[in-house]
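File shown here: run_27.txt, holding compact mmCIF, C-alpha atoms.
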# COMPACT_ATOMS: atom_id res chain seq x y z
CA MET A 7 -82.57 86.98 -0.85
CA ASN A 8 -79.86 84.37 -0.36
CA LYS A 9 -80.82 80.86 -1.43
CA PHE A 10 -78.56 77.89 -0.77
CA ILE A 11 -78.45 74.89 -3.11
CA PHE A 12 -76.62 71.71 -2.15
CA ASP A 13 -75.52 68.55 -3.88
CA VAL A 14 -75.89 65.51 -1.58
CA ASP A 15 -73.28 62.79 -2.25
CA GLY A 16 -69.84 64.06 -1.28
CA THR A 17 -71.30 67.39 -0.15
CA LEU A 18 -73.77 66.66 2.65
CA THR A 19 -72.95 62.97 3.06
CA PRO A 20 -70.17 60.54 2.19
CA SER A 21 -70.83 59.16 -1.30
CA ARG A 22 -73.86 56.82 -1.00
CA GLY A 23 -73.43 57.12 2.78
CA ILE A 24 -75.48 58.40 5.71
CA ILE A 25 -75.23 61.98 6.92
CA ASP A 26 -73.04 62.51 10.01
CA ILE A 27 -75.30 62.93 13.05
CA HIS A 28 -73.56 66.08 14.32
CA PHE A 29 -73.63 67.70 10.90
CA LYS A 30 -77.28 66.66 10.55
CA MET A 31 -78.19 68.58 13.72
CA PHE A 32 -76.31 71.64 12.45
CA PHE A 33 -77.80 71.39 8.96
CA ASN A 34 -81.37 70.97 10.25
CA THR A 35 -80.99 74.20 12.22
CA PHE A 36 -79.53 75.87 9.14
CA CYS A 37 -82.57 74.77 7.12
CA LEU A 38 -84.92 76.31 9.69
CA THR A 39 -83.38 79.76 9.32
CA ASN A 40 -82.36 79.78 5.64
CA ASN A 41 -83.78 78.92 2.21
CA VAL A 42 -82.29 75.51 1.42
CA TYR A 43 -82.63 73.45 -1.76
CA LEU A 44 -81.09 70.13 -2.77
CA VAL A 45 -80.16 68.91 -6.25
CA THR A 46 -78.84 65.38 -6.68
CA GLY A 47 -78.56 62.66 -9.29
CA SER A 48 -80.18 60.14 -6.94
CA ASP A 49 -83.89 59.39 -6.58
CA LYS A 50 -86.02 60.32 -3.57
CA VAL A 51 -85.81 56.95 -1.85
CA LYS A 52 -82.00 57.01 -1.82
CA THR A 53 -81.83 60.64 -0.71
CA VAL A 54 -84.20 60.02 2.21
CA GLU A 55 -82.10 57.00 3.19
CA GLN A 56 -79.04 59.24 3.30
CA ILE A 57 -80.28 62.38 5.06
CA GLY A 58 -83.51 61.24 6.76
CA GLU A 59 -87.12 62.28 6.26
CA ASP A 60 -86.82 65.05 8.86
CA THR A 61 -84.02 66.82 7.01
CA TYR A 62 -85.68 66.18 3.64
CA ILE A 63 -88.90 68.01 4.55
CA LEU A 64 -87.01 70.97 6.02
CA CYS A 65 -85.73 71.83 2.54
CA LYS A 66 -87.80 74.22 0.45
CA ARG A 67 -87.56 71.93 -2.57
CA VAL A 68 -85.57 68.85 -3.58
CA TYR A 69 -84.52 68.30 -7.17
CA GLN A 70 -83.99 64.57 -7.63
CA CYS A 71 -82.41 62.97 -10.69
CA ASN A 72 -80.57 66.19 -11.60
CA GLY A 73 -83.82 68.17 -11.52
CA ASN A 74 -85.91 65.74 -13.54
CA ASP A 75 -88.01 64.66 -10.54
CA VAL A 76 -88.99 67.57 -8.30
CA TRP A 77 -90.41 67.33 -4.77
CA GLU A 78 -91.69 69.67 -2.09
CA LYS A 79 -91.88 67.53 1.04
CA ASP A 80 -94.19 64.65 -0.03
CA VAL A 81 -95.64 66.41 -3.08
CA ASN A 82 -94.28 65.55 -6.52
CA ILE A 83 -94.14 68.84 -8.44
CA HIS A 84 -92.80 67.54 -11.75
CA THR A 85 -91.37 64.40 -13.34
CA THR A 86 -89.64 64.26 -16.72
CA ASN A 87 -90.53 61.34 -18.97
CA TRP A 88 -87.53 60.23 -21.03
CA THR A 89 -86.10 56.84 -21.87
CA LEU A 90 -82.59 55.90 -22.95
CA PRO A 91 -82.41 55.14 -26.68
CA GLU A 92 -81.84 51.47 -27.41
CA PHE A 93 -78.58 51.98 -29.28
CA ALA A 94 -77.19 54.09 -26.40
CA GLU A 95 -77.97 51.20 -24.05
CA TYR A 96 -76.11 48.83 -26.38
CA PHE A 97 -73.13 51.20 -26.27
CA LEU A 98 -73.08 51.22 -22.45
CA ASN A 99 -73.33 47.44 -22.29
CA GLY A 100 -70.37 47.31 -24.65
CA CYS A 101 -68.38 49.55 -22.30
CA LEU A 102 -69.32 47.27 -19.43
CA TYR A 103 -68.12 44.21 -21.36
CA GLU A 104 -64.84 45.86 -22.36
CA SER A 105 -63.91 47.29 -18.96
CA ARG A 106 -60.85 45.65 -17.41
CA PHE A 107 -62.29 46.15 -13.94
CA ASN A 108 -63.52 42.63 -13.30
CA LEU A 109 -65.90 43.06 -10.35
CA ARG A 110 -69.62 43.26 -11.21
CA THR A 111 -72.31 43.75 -8.54
CA GLY A 112 -75.45 44.25 -10.65
CA THR A 113 -77.66 47.20 -11.71
CA HIS A 114 -75.13 48.74 -14.04
CA ILE A 115 -77.68 50.82 -15.95
CA GLU A 116 -80.14 52.34 -13.50
CA LYS A 117 -83.04 54.13 -15.18
CA ARG A 118 -84.39 57.16 -13.33
CA PRO A 119 -86.80 59.97 -14.29
CA GLY A 120 -85.18 61.98 -17.07
CA MET A 121 -81.80 60.25 -16.82
CA VAL A 122 -79.88 57.02 -16.30
CA ASN A 123 -76.89 56.26 -14.10
CA PHE A 124 -74.23 53.97 -15.52
CA SER A 125 -71.75 52.18 -13.28
CA VAL A 126 -69.16 49.56 -14.22
CA VAL A 127 -68.93 48.18 -10.68
CA GLY A 128 -72.72 48.38 -10.29
CA ARG A 129 -75.14 49.93 -7.82
CA GLY A 130 -75.01 46.78 -5.72
CA ALA A 131 -71.43 47.46 -4.62
CA ASP A 132 -70.71 47.86 -0.92
CA ALA A 133 -68.36 50.54 0.44
CA GLU A 134 -65.25 48.38 0.06
CA GLN A 135 -66.12 47.39 -3.51
CA ARG A 136 -66.86 51.01 -4.40
CA GLN A 137 -63.47 52.02 -3.05
CA GLU A 138 -61.81 49.35 -5.20
CA TYR A 139 -63.37 50.95 -8.24
CA VAL A 140 -62.41 54.48 -7.09
CA VAL A 141 -58.77 53.39 -6.98
CA TYR A 142 -59.08 51.76 -10.42
CA ASP A 143 -60.86 54.77 -11.94
CA THR A 144 -58.34 57.19 -10.48
CA SER A 145 -55.49 55.31 -12.15
CA THR A 146 -57.19 54.64 -15.50
CA ASN A 147 -59.57 57.63 -15.86
CA GLU A 148 -62.13 55.12 -17.13
CA ARG A 149 -65.29 57.08 -16.37
CA ASN A 150 -64.08 60.21 -18.15
CA THR A 151 -63.00 58.11 -21.12
CA ILE A 152 -66.42 56.44 -21.33
CA ALA A 153 -68.24 59.76 -20.92
CA LYS A 154 -66.22 61.46 -23.68
CA ALA A 155 -66.76 58.52 -26.06
CA PHE A 156 -70.48 58.51 -25.28
CA ASN A 157 -70.79 62.25 -25.92
CA THR A 158 -69.04 61.86 -29.26
CA MET A 159 -71.29 58.99 -30.27
CA PHE A 160 -74.54 60.61 -29.10
CA PRO A 161 -74.35 64.41 -29.59
CA ASP A 162 -77.97 64.96 -28.48
CA LEU A 163 -77.28 63.31 -25.12
CA GLU A 164 -74.81 64.18 -22.40
CA ALA A 165 -72.78 61.97 -20.05
CA LYS A 166 -71.18 63.47 -16.96
CA VAL A 167 -69.16 61.87 -14.18
CA GLY A 168 -71.14 61.82 -10.92
CA GLY A 169 -70.42 60.53 -7.43
CA GLU A 170 -67.57 58.07 -6.89
CA THR A 171 -68.44 55.32 -9.37
CA GLY A 172 -71.15 56.49 -11.75
CA ILE A 173 -71.84 58.41 -14.92
CA ASP A 174 -75.07 60.44 -15.23
CA ILE A 175 -76.64 60.43 -18.70
CA SER A 176 -79.53 62.57 -19.92
CA PRO A 177 -80.59 64.66 -22.91
CA LYS A 178 -78.59 67.86 -23.28
CA GLY A 179 -79.95 70.55 -21.00
CA PHE A 180 -81.49 68.04 -18.58
CA ASP A 181 -78.59 68.46 -16.15
CA LYS A 182 -78.55 70.22 -12.76
CA SER A 183 -78.42 73.66 -14.39
CA GLN A 184 -82.07 73.32 -15.44
CA ILE A 185 -83.30 74.09 -11.92
CA ILE A 186 -82.11 77.71 -12.07
CA LYS A 187 -85.28 78.63 -13.97
CA ASP A 188 -87.20 78.20 -10.70
CA PHE A 189 -85.25 80.99 -8.98
CA ASP A 190 -86.01 84.70 -9.29
CA LYS A 191 -83.48 87.11 -10.76
CA GLU A 192 -83.59 89.00 -7.47
CA ASP A 193 -82.40 85.89 -5.61
CA THR A 194 -78.72 85.44 -4.78
CA THR A 195 -77.98 81.77 -5.39
CA TRP A 196 -75.18 79.83 -3.71
CA PHE A 197 -74.28 76.29 -4.75
CA PHE A 198 -72.17 73.73 -2.89
CA GLY A 199 -70.90 70.62 -4.66
CA ASP A 200 -67.95 68.27 -4.89
CA ALA A 201 -68.06 67.49 -8.64
CA ILE A 202 -67.31 70.99 -9.92
CA TYR A 203 -64.72 70.13 -12.55
CA ASP A 204 -64.58 69.46 -16.28
CA GLY A 205 -66.97 66.57 -16.92
CA GLY A 206 -68.40 66.62 -13.39
CA ASN A 207 -72.17 66.67 -12.91
CA ASP A 208 -72.03 69.71 -10.58
CA LEU A 209 -70.26 71.94 -13.09
CA PRO A 210 -73.36 72.92 -15.14
CA ILE A 211 -75.17 74.41 -12.15
CA ALA A 212 -72.00 76.00 -10.79
CA ASN A 213 -71.79 77.86 -14.10
CA VAL A 214 -75.25 79.43 -13.77
CA VAL A 215 -75.58 80.34 -10.07
CA ASP A 216 -74.36 83.62 -8.61
CA HIS A 217 -71.78 81.98 -6.35
CA PHE A 218 -70.47 78.47 -5.80
CA ARG A 219 -68.14 76.65 -3.44
CA LYS A 220 -66.37 73.44 -4.39
CA VAL A 221 -66.07 71.14 -1.38
CA ASP A 222 -64.17 67.93 -0.69
CA ASP A 223 -66.66 66.55 1.85
CA TRP A 224 -69.44 67.44 4.31
CA LYS A 225 -66.89 68.77 6.81
CA GLN A 226 -65.82 71.47 4.38
CA THR A 227 -69.48 72.26 3.64
CA MET A 228 -70.07 72.78 7.35
CA GLU A 229 -66.99 75.01 7.62
CA TYR A 230 -68.24 77.22 4.79
CA LEU A 231 -71.71 77.52 6.34
CA GLN A 232 -70.27 78.46 9.72
CA ILE A 233 -68.17 81.16 8.04
CA PHE A 234 -71.25 82.40 6.17
CA GLN A 235 -73.11 82.69 9.48
CA GLU A 236 -70.26 84.64 11.02
CA GLN A 237 -70.20 86.98 8.00
CA GLY A 238 -73.98 87.45 7.97
CA ILE A 239 -74.43 85.80 4.55
CA ALA A 240 -76.50 83.10 6.27
CA GLU A 241 -78.51 83.16 9.47

Please lay out the structure from this file as structure tokens.
Amino acid sequence: MNKFIFDVDGTLTPSRGIIDIHFKMFFNTFCLTNNVYLVTGSDKVKTVEQIGEDTYILCKRVYQCNGNDVWEKDVNIHTTNWTLPEFAEYFLNGCLYESRFNLRTGTHIEKRPGMVNFSVVGRGADAEQRQEYVVYDTSTNERNTIAKAFNTMFPDLEAKVGGETGIDISPKGFDKSQIIKDFDKEDTTWFFGDAIYDGGNDLPIANVVDHFRKVDDWKQTMEYLQIFQEQGIAE
């Protein structure tokens, strides 16, 4: 049985943005005729804001916080209890202090079930401010530099670049790949994500599913799904 797993930011929606209405209509229909699962670094509130409650409940299961907070419609199946070690938090605050990107918008260390999200620009950034940081990060490779330094300093934890401005941090093995244990060996799993690259938070699950497709945005996701329908891979 084919089962389709999707990242959200950059895959179904613009990063931290709202799903396109035309794609939403297409995707809702896709969910009605196929087995659809979501796995994202965000929490439930943010995901519902992005895709809407109607789309959320059409999915078989949603793995929030990289699979550390699991939901089936309005039922919480599992939540991982883990807190960031104090010294690791000191390290991140030091990175925040040392960054040459001067804009700060607040909530730079956001604690979620089983993980934290670190952002130099902050979770309070609007679209324009986020884009400023994207340009800066592209030229300086700051997030990858911070993630590599963190992983060297804390070998039992793992930092991976996620979304446009953040870094996802969790204990090793608490990444998106952990959800594969919920799928049967007889299932054929397909994953769609934008951060399938060295250090990206979609790479761990891409490495354990049967098939994956790296996408640049929701438009490319839609193109793949339409092709799958034409080929009979999806209904």

Name the closest residue to Pro91 in chain A among the candidates A:His217, A:Lys182, A:Lys191, A:Lys117; distances are taken between atoms, counting all atoms listed in the file.
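Checking each of A:His217, A:Lys182, A:Lys191, A:Lys117 against Pro91 in chain A, counting all atoms listed in the file, the winner is A:Lys117.
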
Would you list the residues near (-65.9, 59.0, -6.7), meaning any protein, DNA or RNA residue with an atom at most 9 Å from that point in file coordinates, counting only C-alpha atoms, as a ChimeraX atom specification?
/A:16,21,136-137,139-140,143-144,167-172,201

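Going from CA of Asp208 in chain A over to CA of Gln235 in chain A, you cover 23.9 Å.
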
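Put simply, CA of Val54 in chain A is 13.6 Å away from CA of Asp13 in chain A.
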
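Residue nearest Ala212 in chain A, chosen from A:Thr86, A:Gly112, A:Ile11, A:Tyr62 and counting all atoms listed in the file: A:Ile11.
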
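For Ala94 in chain A, the set of protein, DNA and RNA residues having any atom at most 9 Å away, when counting all atoms listed in the file and skipping those fewer than 3 positions along the same chain, is Leu90, Pro91, Phe97, Leu98, Asn99, Phe156, Met159 and Phe160 of chain A.
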
Axis-aligned box over every listed atom of range 52-63 of chain A, padded by 6 Å per side: centre and edges in Å to one decimal, as AutoDock Vina command-line options?
--center_x -84.0 --center_y 62.5 --center_z 3.5 --size_x 21.9 --size_y 23.0 --size_z 22.7

Applying 12 Å and all atoms listed in the file, which residues near Ala155 in chain A remain after dropping the ones on its own chain fewer than 5 positions away? List them as an MDAnalysis selection string.
chainID A and resid 94 97:98 100:101 148:150 160:161 163:166

Can you tell me, as a PyMOL selection string, what residues are no more than 10 Å from Ile211 in chain A when counting only C-alpha atoms, ignoring any on the same chain fewer than 3 positions away?
chain A and resi 11+45+72+181-186+197-199+202+207-208+214-216+218

Contacts of range 64-66 of chain A at 9 Å (all atoms listed in the file; same-chain gap of 4+ positions) as an NGL selection string:
:A and (34 or 37-38 or 41-44 or 59-60 or 78-79)
